[in-house]
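Structure file run.json; described as JSON, C-alpha atoms.
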[["chain", "number", "residue", "atom", "x", "y", "z"],
["A", 1, "MET", "CA", 84.16, 131.07, -159.42],
["A", 2, "HIS", "CA", 87.45, 132.91, -158.85],
["A", 3, "HIS", "CA", 88.95, 131.32, -162.00],
["A", 4, "ARG", "CA", 86.45, 133.03, -164.32],
["A", 5, "LYS", "CA", 88.85, 135.87, -165.04],
["A", 6, "ASP", "CA", 91.61, 133.39, -165.88],
["A", 7, "LEU", "CA", 89.31, 131.46, -168.21],
["A", 8, "GLY", "CA", 88.26, 134.71, -169.88],
["A", 9, "LEU", "CA", 91.89, 135.72, -170.38],
["A", 10, "LEU", "CA", 92.63, 132.28, -171.84],
["A", 11, "ALA", "CA", 89.73, 132.57, -174.29],
["A", 12, "LEU", "CA", 90.77, 136.08, -175.29],
["A", 13, "ARG", "CA", 94.43, 135.08, -175.67],
["A", 14, "LEU", "CA", 93.53, 132.09, -177.84],
["A", 15, "GLY", "CA", 91.16, 134.11, -180.04],
["A", 16, "VAL", "CA", 93.28, 137.22, -180.52],
["A", 17, "GLY", "CA", 96.54, 135.29, -180.63],
["A", 18, "GLY", "CA", 95.15, 132.78, -183.12],
["A", 19, "VAL", "CA", 93.89, 135.47, -185.49],
["A", 20, "LEU", "CA", 97.18, 137.37, -185.30],
["A", 21, "ALA", "CA", 99.22, 134.21, -185.85],
["A", 22, "ALA", "CA", 97.12, 133.26, -188.87],
["A", 23, "HIS", "CA", 97.60, 136.69, -190.44],
["A", 24, "GLY", "CA", 101.31, 136.57, -189.76],
["A", 25, "THR", "CA", 101.72, 133.18, -191.42],
["A", 26, "GLN", "CA", 99.97, 134.54, -194.51],
["A", 27, "LYS", "CA", 102.66, 137.20, -194.73],
["A", 28, "LEU", "CA", 105.60, 134.97, -193.87],
["A", 29, "PHE", "CA", 104.76, 131.69, -195.59],
["A", 30, "GLY", "CA", 101.80, 132.33, -197.89],
["A", 31, "TRP", "CA", 99.63, 130.02, -195.80],
["A", 32, "CYS", "CA", 95.82, 130.37, -195.74],
["A", 33, "GLY", "CA", 95.71, 132.22, -199.05],
["A", 34, "GLY", "CA", 98.44, 134.71, -198.20],
["A", 35, "ASP", "CA", 101.03, 136.15, -200.55],
["A", 36, "GLY", "CA", 104.12, 135.02, -198.65],
["A", 37, "LEU", "CA", 107.10, 137.21, -197.94],
["A", 38, "ASP", "CA", 107.80, 138.27, -201.53],
["A", 39, "GLY", "CA", 104.19, 139.11, -202.42],
["A", 40, "THR", "CA", 103.58, 140.84, -199.12],
["A", 41, "GLY", "CA", 106.84, 142.74, -199.53],
["A", 42, "GLN", "CA", 105.71, 144.04, -202.91],
["A", 43, "ALA", "CA", 102.34, 145.05, -201.48],
["A", 44, "MET", "CA", 103.99, 146.78, -198.53],
["A", 45, "GLU", "CA", 106.34, 148.63, -200.83],
["A", 46, "ALA", "CA", 103.31, 149.88, -202.78],
["A", 47, "MET", "CA", 101.74, 151.05, -199.49],
["A", 48, "GLY", "CA", 104.84, 153.11, -198.72],
["A", 49, "PHE", "CA", 106.63, 150.74, -196.34],
["A", 50, "ARG", "CA", 110.24, 150.70, -197.54],
["A", 51, "PRO", "CA", 112.01, 148.42, -197.88],
["A", 52, "GLY", "CA", 108.93, 146.32, -198.54],
["A", 53, "ARG", "CA", 110.35, 142.85, -197.88],
["A", 54, "LEU", "CA", 111.96, 143.86, -194.59],
["A", 55, "ASN", "CA", 108.72, 145.52, -193.45],
["A", 56, "ALA", "CA", 106.77, 142.42, -194.52],
["A", 57, "LEU", "CA", 109.12, 140.27, -192.43],
["A", 58, "ALA", "CA", 108.73, 142.58, -189.42],
["A", 59, "ALA", "CA", 104.93, 142.66, -189.76],
["A", 60, "GLY", "CA", 104.76, 138.90, -190.21],
["A", 61, "LEU", "CA", 106.93, 138.27, -187.16],
["A", 62, "GLY", "CA", 105.00, 140.82, -185.10],
["A", 63, "GLU", "CA", 101.71, 139.15, -185.98],
["A", 64, "ALA", "CA", 102.74, 135.47, -186.05],
["A", 65, "GLY", "CA", 105.24, 135.65, -183.19],
["A", 66, "GLY", "CA", 103.20, 138.03, -181.06],
["A", 67, "GLY", "CA", 100.04, 136.05, -181.74],
["A", 68, "LEU", "CA", 101.61, 132.70, -180.89],
["A", 69, "LEU", "CA", 103.16, 134.05, -177.70],
["A", 70, "LEU", "CA", 99.84, 135.65, -176.69],
["A", 71, "ALA", "CA", 97.98, 132.38, -177.30],
["A", 72, "LEU", "CA", 100.52, 130.51, -175.18],
["A", 73, "GLY", "CA", 100.62, 133.22, -172.53],
["A", 74, "LEU", "CA", 104.41, 133.44, -172.77],
["A", 75, "ALA", "CA", 106.32, 136.72, -172.51],
["A", 76, "THR", "CA", 102.90, 138.35, -172.55],
["A", 77, "PRO", "CA", 104.04, 142.00, -172.23],
["A", 78, "VAL", "CA", 106.46, 141.62, -175.14],
["A", 79, "ALA", "CA", 103.91, 139.70, -177.23],
["A", 80, "GLY", "CA", 101.18, 142.26, -176.61],
["A", 81, "ALA", "CA", 103.47, 145.18, -177.37],
["A", 82, "ALA", "CA", 104.81, 143.61, -180.56],
["A", 83, "ALA", "CA", 101.33, 142.81, -181.86],
["A", 84, "ALA", "CA", 99.98, 146.24, -180.90],
["A", 85, "GLY", "CA", 102.85, 148.01, -182.63],
["A", 86, "THR", "CA", 102.36, 145.93, -185.75],
["A", 87, "MET", "CA", 98.65, 146.74, -185.78],
["A", 88, "ALA", "CA", 99.46, 150.46, -185.49],
["A", 89, "GLY", "CA", 101.08, 150.18, -188.91],
["A", 90, "ALA", "CA", 98.00, 148.46, -190.30],
["A", 91, "VAL", "CA", 95.77, 151.15, -188.81],
["A", 92, "SER", "CA", 97.86, 153.82, -190.58],
["A", 93, "VAL", "CA", 97.18, 152.15, -193.93],
["A", 94, "ASN", "CA", 93.43, 151.79, -193.38],
["A", 95, "ALA", "CA", 92.77, 155.12, -191.62],
["A", 96, "PRO", "CA", 92.01, 157.14, -194.77],
["A", 97, "ALA", "CA", 89.03, 154.83, -195.44],
["A", 98, "GLY", "CA", 87.47, 155.67, -192.07],
["A", 99, "PHE", "CA", 86.67, 153.45, -189.12],
["A", 100, "PHE", "CA", 84.41, 150.66, -190.36],
["A", 101, "ALA", "CA", 85.82, 147.56, -192.00],
["A", 102, "GLN", "CA", 83.13, 147.34, -194.68],
["A", 103, "SER", "CA", 84.55, 150.52, -196.23],
["A", 104, "GLY", "CA", 88.16, 149.35, -195.84],
["A", 105, "GLY", "CA", 88.62, 151.15, -192.53],
["A", 106, "TYR", "CA", 90.80, 150.43, -189.56],
["A", 107, "GLU", "CA", 88.20, 148.79, -187.29],
["A", 108, "PHE", "CA", 89.70, 145.28, -187.40],
["A", 109, "PRO", "CA", 93.40, 146.08, -186.92],
["A", 110, "ALA", "CA", 92.48, 148.57, -184.19],
["A", 111, "LEU", "CA", 90.51, 145.92, -182.33],
["A", 112, "LEU", "CA", 93.36, 143.42, -182.63],
["A", 113, "GLY", "CA", 95.92, 146.01, -181.53],
["A", 114, "CYS", "CA", 93.87, 147.19, -178.54],
["A", 115, "SER", "CA", 93.16, 143.61, -177.49],
["A", 116, "ALA", "CA", 96.82, 142.64, -177.75],
["A", 117, "ALA", "CA", 97.86, 145.72, -175.78],
["A", 118, "ALA", "CA", 95.28, 145.01, -173.08],
["A", 119, "LEU", "CA", 96.50, 141.44, -172.73],
["A", 120, "GLY", "CA", 100.11, 142.61, -172.57],
["A", 121, "ILE", "CA", 99.25, 145.01, -169.77],
["A", 122, "ALA", "CA", 96.76, 142.85, -167.84],
["A", 123, "GLY", "CA", 98.83, 139.69, -168.03],
["A", 124, "PRO", "CA", 97.98, 136.21, -169.23],
["A", 125, "GLY", "CA", 96.16, 134.79, -166.23],
["A", 126, "ARG", "CA", 96.62, 131.49, -164.46],
["A", 127, "TYR", "CA", 96.27, 129.25, -167.54],
["A", 128, "SER", "CA", 99.47, 130.31, -169.27],
["A", 129, "LEU", "CA", 103.11, 129.47, -169.71],
["A", 130, "ASP", "CA", 104.01, 132.70, -167.92],
["A", 131, "HIS", "CA", 102.19, 131.39, -164.85],
["A", 132, "LEU", "CA", 103.98, 128.03, -165.13],
["A", 133, "THR", "CA", 107.37, 129.79, -165.31],
["A", 134, "ARG", "CA", 106.50, 131.98, -162.31],
["A", 135, "HIS", "CA", 106.28, 135.02, -164.60],
["A", 136, "ALA", "CA", 109.97, 135.02, -165.48],
["A", 137, "LEU", "CA", 109.11, 136.77, -168.78],
["A", 138, "ASP", "CA", 106.14, 138.73, -167.42],
["A", 139, "GLN", "CA", 107.77, 141.33, -165.20],
["A", 140, "PRO", "CA", 106.53, 144.90, -164.62],
["A", 141, "TRP", "CA", 109.69, 146.40, -166.12],
["A", 142, "LEU", "CA", 109.06, 144.39, -169.30],
["A", 143, "ILE", "CA", 105.68, 146.06, -169.74],
["A", 144, "ALA", "CA", 107.20, 149.55, -169.71],
["A", 145, "THR", "CA", 110.20, 148.58, -171.84],
["A", 146, "ALA", "CA", 108.28, 146.56, -174.43],
["A", 147, "PHE", "CA", 105.51, 149.11, -174.92],
["A", 148, "THR", "CA", 107.95, 152.02, -175.08],
["A", 149, "MET", "CA", 110.09, 150.26, -177.71],
["A", 150, "SER", "CA", 107.02, 149.19, -179.67],
["A", 151, "ALA", "CA", 105.55, 152.69, -179.67],
["A", 152, "LEU", "CA", 108.83, 154.29, -180.76],
["A", 153, "THR", "CA", 109.34, 151.74, -183.52],
["A", 154, "ALA", "CA", 105.76, 152.00, -184.76],
["A", 155, "ALA", "CA", 105.98, 155.80, -184.79],
["A", 156, "ALA", "CA", 109.21, 155.70, -186.81],
["A", 157, "VAL", "CA", 107.81, 153.22, -189.33],
["A", 158, "ILE", "CA", 104.56, 155.18, -189.73],
["A", 159, "ARG", "CA", 106.43, 158.48, -190.02],
["A", 160, "ARG", "CA", 108.64, 156.97, -192.75],
["A", 161, "ARG", "CA", 105.57, 155.61, -194.57],
["A", 162, "ILE", "CA", 103.87, 159.01, -194.47],
["A", 163, "ALA", "CA", 107.00, 160.65, -195.88],
["A", 164, "VAL", "CA", 107.25, 158.09, -198.70],
["A", 165, "THR", "CA", 103.57, 158.34, -199.64],
["A", 166, "SER", "CA", 103.61, 162.16, -199.46],
["A", 167, "GLU", "CA", 106.67, 162.30, -201.68],
["A", 168, "ARG", "CA", 105.03, 159.91, -204.15],
["A", 169, "GLU", "CA", 101.78, 161.93, -204.23],
["A", 170, "LEU", "CA", 103.65, 165.17, -204.80],
["A", 171, "ALA", "CA", 105.67, 163.65, -207.64],
["A", 172, "GLU", "CA", 102.48, 162.24, -209.21],
["A", 173, "GLU", "CA", 100.78, 165.64, -209.02],
["A", 174, "ARG", "CA", 103.72, 167.25, -210.77],
["A", 175, "GLY", "CA", 103.83, 164.47, -213.36],
["A", 176, "PHE", "CA", 107.34, 163.36, -212.44],
["A", 177, "ILE", "CA", 106.47, 159.72, -211.86],
["A", 178, "ASP", "CA", 105.07, 157.26, -214.32],
["A", 179, "GLU", "CA", 103.52, 153.87, -213.53],
["A", 180, "GLN", "CA", 106.84, 152.05, -214.03],
["A", 181, "GLU", "CA", 108.55, 154.16, -211.37],
["A", 182, "LEU", "CA", 105.66, 153.52, -208.95],
["A", 183, "ALA", "CA", 106.22, 149.78, -209.30],
["A", 184, "GLU", "CA", 109.82, 150.19, -208.19]]
Now, as a test, write the supplied structure out as structure tokens.
Amino acid sequence: MHHRKDLGLLALRLGVGGVLAAHGTQKLFGWCGGDGLDGTGQAMEAMGFRPGRLNALAAGLGEAGGGLLLALGLATPVAGAAAAGTMAGAVSVNAPAGFFAQSGGYEFPALLGCSAAALGIAGPGRYSLDHLTRHALDQPWLIATAFTMSALTAAAVIRRRIAVTSERELAEERGFIDEQELAE
């Protein structure tokens, strides 16, 4: 009976980590109907993440790497922080559409980000590689360091995206940008 929590953490890690890893491989490799690094980079550039390809690589690694590490229960604080920070960027894109996913809102990335953060803070449980390695990569100081770095990085990326999209909107309003310039 006392292993129920560990089994629950395993199920949550496998589910959240698997979904994150799948989304990351779409971005990185074009698997499962994804656009790959070049296509995702172009899409991210259009969303205001510049440079697009570098941001696509970072998002893909945050999702695929963070998701895989969460599923394995390895370096759980770092994995949870990386995935949560990546999802903060996704939330920033979807926020103008409101909360619910059916209207294009941020419901899904928020759930993934919160789940990843909770796992990073709570720890992986007994059925994990962190447990097998005696928590060598699951130390209390790693929680504080990883989440601080993730939050600072996510804030900088989101702030940059807001500046880029605001600049673009202002230029469009004034008629200084045509469709060709938007594509660049």
Considering all atoms listed in the file, return as an mmCIF file with C-alpha atoms, keeping the file's coordinate frame whatever protein or nucleic-acid residues lie within 12 Å of segment 140-155 of chain A, sequence-local ones (same chain, fewer than 3 positions apart) excluded.
data_model
loop_
_atom_site.group_PDB
_atom_site.id
_atom_site.type_symbol
_atom_site.label_atom_id
_atom_site.label_comp_id
_atom_site.auth_asym_id
_atom_site.auth_seq_id
_atom_site.Cartn_x
_atom_site.Cartn_y
_atom_site.Cartn_z
ATOM 1 C CA PHE A 49 106.630 150.740 -196.340
ATOM 2 C CA ASN A 55 108.720 145.520 -193.450
ATOM 3 C CA ALA A 58 108.730 142.580 -189.420
ATOM 4 C CA ALA A 59 104.930 142.660 -189.760
ATOM 5 C CA GLY A 62 105.000 140.820 -185.100
ATOM 6 C CA GLY A 66 103.200 138.030 -181.060
ATOM 7 C CA ALA A 75 106.320 136.720 -172.510
ATOM 8 C CA THR A 76 102.900 138.350 -172.550
ATOM 9 C CA PRO A 77 104.040 142.000 -172.230
ATOM 10 C CA VAL A 78 106.460 141.620 -175.140
ATOM 11 C CA ALA A 79 103.910 139.700 -177.230
ATOM 12 C CA GLY A 80 101.180 142.260 -176.610
ATOM 13 C CA ALA A 81 103.470 145.180 -177.370
ATOM 14 C CA ALA A 82 104.810 143.610 -180.560
ATOM 15 C CA ALA A 83 101.330 142.810 -181.860
ATOM 16 C CA ALA A 84 99.980 146.240 -180.900
ATOM 17 C CA GLY A 85 102.850 148.010 -182.630
ATOM 18 C CA THR A 86 102.360 145.930 -185.750
ATOM 19 C CA MET A 87 98.650 146.740 -185.780
ATOM 20 C CA ALA A 88 99.460 150.460 -185.490
ATOM 21 C CA GLY A 89 101.080 150.180 -188.910
ATOM 22 C CA ALA A 90 98.000 148.460 -190.300
ATOM 23 C CA VAL A 91 95.770 151.150 -188.810
ATOM 24 C CA SER A 92 97.860 153.820 -190.580
ATOM 25 C CA GLY A 113 95.920 146.010 -181.530
ATOM 26 C CA ALA A 116 96.820 142.640 -177.750
ATOM 27 C CA ALA A 117 97.860 145.720 -175.780
ATOM 28 C CA ALA A 118 95.280 145.010 -173.080
ATOM 29 C CA LEU A 119 96.500 141.440 -172.730
ATOM 30 C CA GLY A 120 100.110 142.610 -172.570
ATOM 31 C CA ILE A 121 99.250 145.010 -169.770
ATOM 32 C CA ALA A 122 96.760 142.850 -167.840
ATOM 33 C CA GLY A 123 98.830 139.690 -168.030
ATOM 34 C CA HIS A 135 106.280 135.020 -164.600
ATOM 35 C CA ALA A 136 109.970 135.020 -165.480
ATOM 36 C CA LEU A 137 109.110 136.770 -168.780
ATOM 37 C CA ILE A 158 104.560 155.180 -189.730
ATOM 38 C CA ARG A 159 106.430 158.480 -190.020
ATOM 39 C CA ARG A 160 108.640 156.970 -192.750
ATOM 40 C CA ARG A 161 105.570 155.610 -194.570
ATOM 41 C CA ILE A 162 103.870 159.010 -194.470
#
Could you check how far atom CA of Ala21 of chain A sits from atom CA of Gly60 of chain A, in Å to one decimal? 8.5 Å
Just need the box for segment 8-23 of chain A, edges along x, y and z, holding every atom the file lists for it with 8 Å tacked onto each side, so centre and edge lengths in Å to one decimal, as lines of an AutoDock Vina configuration file.
center_x = 93.7
center_y = 134.7
center_z = -180.2
size_x = 27.0
size_y = 21.3
size_z = 36.6
Write out as a PyMOL selection string each polymer residue whose atoms come within 12 Å of Tyr106 of chain A, counting all atoms listed in the file; drop sequence neighbours fewer than 2 positions from it. chain A and resi 87-104+108-114
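Among A:Val164, A:Arg4, A:Gly18, A:Ala156, the residue with the shortest atom-to-atom distance to Leu69 of chain A, counting all atoms listed in the file, is A:Gly18.
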Name the residues in contact with Gly52 of chain A at a cut-off of 8 Å, using only C-alpha atoms, excluding same-chain residues fewer than 4 positions from it; report them as a CSV table (one decimal) with C-alpha atoms, in the coordinates of the input.
chain,number,residue,atom,x,y,z
A,40,THR,CA,103.6,140.8,-199.1
A,41,GLY,CA,106.8,142.7,-199.5
A,42,GLN,CA,105.7,144.0,-202.9
A,43,ALA,CA,102.3,145.0,-201.5
A,44,MET,CA,104.0,146.8,-198.5
A,45,GLU,CA,106.3,148.6,-200.8
A,46,ALA,CA,103.3,149.9,-202.8
A,48,GLY,CA,104.8,153.1,-198.7
A,56,ALA,CA,106.8,142.4,-194.5
Just checking: using only C-alpha atoms, which residue out of A:Thr25, A:Arg126, A:Leu61, A:Leu54 ends up closest to His2 of chain A?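 Smallest separation from His2 of chain A among the options: A:Arg126.
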What's around Gly8 of chain A at 10 Å? Count all atoms listed in the file, leave out sequence neighbours fewer than 6 positions away in its own chain, and write the answer as number ranges by chain. A: 14, 124-125, 127
For atom CA of Gly67 of chain A and atom CA of Leu37 of chain A, quote the distance in Å rounded to one decimal.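 Distance reported for this atom pair: 17.7 Å.
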Between atom CA of Leu10 of chain A and atom CA of His131 of chain A lies a distance of 11.9 Å
Provide segment 50-61 of chain A rebuilt to all heavy atoms, formatted as a PDB file, in the frame of the given file.
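Contents of the output file selection_2.pdb:
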ATOM      1  N   ARG A  50     108.998 151.023-196.835  1.00  0.00           N
ATOM      2  CA  ARG A  50     110.240 150.700-197.540  1.00  0.00           C
ATOM      3  C   ARG A  50     111.344 150.405-196.545  1.00  0.00           C
ATOM      4  O   ARG A  50     111.463 151.114-195.553  1.00  0.00           O
ATOM      5  CB  ARG A  50     110.644 151.887-198.421  1.00  0.00           C
ATOM      6  CG  ARG A  50     109.694 152.067-199.565  1.00  0.00           C
ATOM      7  CD  ARG A  50     110.294 152.935-200.613  1.00  0.00           C
ATOM      8  NE  ARG A  50     109.316 153.068-201.700  1.00  0.00           N
ATOM      9  CZ  ARG A  50     109.241 154.097-202.487  1.00  0.00           C
ATOM     10  NH1 ARG A  50     110.072 155.093-202.335  1.00  0.00           N
ATOM     11  NH2 ARG A  50     108.359 154.148-203.449  1.00  0.00           N
ATOM     12  N   PRO A  51     112.135 149.396-196.805  1.00  0.00           N
ATOM     13  CA  PRO A  51     112.010 148.420-197.880  1.00  0.00           C
ATOM     14  C   PRO A  51     110.855 147.449-197.609  1.00  0.00           C
ATOM     15  O   PRO A  51     110.645 147.018-196.466  1.00  0.00           O
ATOM     16  CB  PRO A  51     113.354 147.704-197.894  1.00  0.00           C
ATOM     17  CG  PRO A  51     113.909 147.891-196.518  1.00  0.00           C
ATOM     18  CD  PRO A  51     113.342 149.180-195.983  1.00  0.00           C
ATOM     19  N   GLY A  52     110.152 147.113-198.659  1.00  0.00           N
ATOM     20  CA  GLY A  52     108.930 146.320-198.540  1.00  0.00           C
ATOM     21  C   GLY A  52     109.135 144.943-197.920  1.00  0.00           C
ATOM     22  O   GLY A  52     108.393 144.536-197.029  1.00  0.00           O
ATOM     23  N   ARG A  53     110.144 144.220-198.386  1.00  0.00           N
ATOM     24  CA  ARG A  53     110.350 142.850-197.880  1.00  0.00           C
ATOM     25  C   ARG A  53     110.723 142.850-196.403  1.00  0.00           C
ATOM     26  O   ARG A  53     110.246 142.031-195.633  1.00  0.00           O
ATOM     27  CB  ARG A  53     111.413 142.137-198.712  1.00  0.00           C
ATOM     28  CG  ARG A  53     111.443 140.639-198.474  1.00  0.00           C
ATOM     29  CD  ARG A  53     112.336 139.950-199.525  1.00  0.00           C
ATOM     30  NE  ARG A  53     112.041 138.549-199.652  1.00  0.00           N
ATOM     31  CZ  ARG A  53     112.484 137.608-198.807  1.00  0.00           C
ATOM     32  NH1 ARG A  53     113.231 137.940-197.775  1.00  0.00           N
ATOM     33  NH2 ARG A  53     112.172 136.340-199.005  1.00  0.00           N
ATOM     34  N   LEU A  54     111.566 143.765-195.993  1.00  0.00           N
ATOM     35  CA  LEU A  54     111.960 143.860-194.590  1.00  0.00           C
ATOM     36  C   LEU A  54     110.753 144.231-193.717  1.00  0.00           C
ATOM     37  O   LEU A  54     110.560 143.672-192.630  1.00  0.00           O
ATOM     38  CB  LEU A  54     113.079 144.884-194.408  1.00  0.00           C
ATOM     39  CG  LEU A  54     113.605 145.062-192.986  1.00  0.00           C
ATOM     40  CD1 LEU A  54     114.180 143.761-192.453  1.00  0.00           C
ATOM     41  CD2 LEU A  54     114.650 146.163-192.952  1.00  0.00           C
ATOM     42  N   ASN A  55     109.929 145.150-194.191  1.00  0.00           N
ATOM     43  CA  ASN A  55     108.720 145.520-193.450  1.00  0.00           C
ATOM     44  C   ASN A  55     107.727 144.365-193.425  1.00  0.00           C
ATOM     45  O   ASN A  55     107.034 144.171-192.417  1.00  0.00           O
ATOM     46  CB  ASN A  55     108.090 146.777-194.053  1.00  0.00           C
ATOM     47  CG  ASN A  55     108.754 148.033-193.543  1.00  0.00           C
ATOM     48  OD1 ASN A  55     108.447 148.500-192.459  1.00  0.00           O
ATOM     49  ND2 ASN A  55     109.680 148.574-194.323  1.00  0.00           N
ATOM     50  N   ALA A  56     107.650 143.593-194.499  1.00  0.00           N
ATOM     51  CA  ALA A  56     106.770 142.420-194.520  1.00  0.00           C
ATOM     52  C   ALA A  56     107.254 141.391-193.490  1.00  0.00           C
ATOM     53  O   ALA A  56     106.442 140.786-192.777  1.00  0.00           O
ATOM     54  CB  ALA A  56     106.730 141.797-195.913  1.00  0.00           C
ATOM     55  N   LEU A  57     108.555 141.198-193.411  1.00  0.00           N
ATOM     56  CA  LEU A  57     109.120 140.270-192.430  1.00  0.00           C
ATOM     57  C   LEU A  57     108.807 140.747-191.010  1.00  0.00           C
ATOM     58  O   LEU A  57     108.366 139.959-190.159  1.00  0.00           O
ATOM     59  CB  LEU A  57     110.634 140.144-192.627  1.00  0.00           C
ATOM     60  CG  LEU A  57     111.373 139.249-191.637  1.00  0.00           C
ATOM     61  CD1 LEU A  57     110.883 137.809-191.722  1.00  0.00           C
ATOM     62  CD2 LEU A  57     112.875 139.332-191.884  1.00  0.00           C
ATOM     63  N   ALA A  58     109.008 142.040-190.751  1.00  0.00           N
ATOM     64  CA  ALA A  58     108.730 142.580-189.420  1.00  0.00           C
ATOM     65  C   ALA A  58     107.251 142.460-189.070  1.00  0.00           C
ATOM     66  O   ALA A  58     106.902 142.055-187.951  1.00  0.00           O
ATOM     67  CB  ALA A  58     109.181 144.036-189.339  1.00  0.00           C
ATOM     68  N   ALA A  59     106.372 142.773-190.017  1.00  0.00           N
ATOM     69  CA  ALA A  59     104.930 142.660-189.760  1.00  0.00           C
ATOM     70  C   ALA A  59     104.530 141.208-189.555  1.00  0.00           C
ATOM     71  O   ALA A  59     103.755 140.894-188.643  1.00  0.00           O
ATOM     72  CB  ALA A  59     104.142 143.268-190.921  1.00  0.00           C
ATOM     73  N   GLY A  60     105.069 140.321-190.364  1.00  0.00           N
ATOM     74  CA  GLY A  60     104.760 138.900-190.210  1.00  0.00           C
ATOM     75  C   GLY A  60     105.218 138.346-188.881  1.00  0.00           C
ATOM     76  O   GLY A  60     104.499 137.601-188.215  1.00  0.00           O
ATOM     77  N   LEU A  61     106.420 138.731-188.464  1.00  0.00           N
ATOM     78  CA  LEU A  61     106.930 138.270-187.160  1.00  0.00           C
ATOM     79  C   LEU A  61     106.142 138.893-186.012  1.00  0.00           C
ATOM     80  O   LEU A  61     105.872 138.221-185.010  1.00  0.00           O
ATOM     81  CB  LEU A  61     108.417 138.596-187.025  1.00  0.00           C
ATOM     82  CG  LEU A  61     109.359 137.797-187.918  1.00  0.00           C
ATOM     83  CD1 LEU A  61     110.786 138.328-187.811  1.00  0.00           C
ATOM     84  CD2 LEU A  61     109.301 136.315-187.576  1.00  0.00           C
TER      85      LEU A  61
END
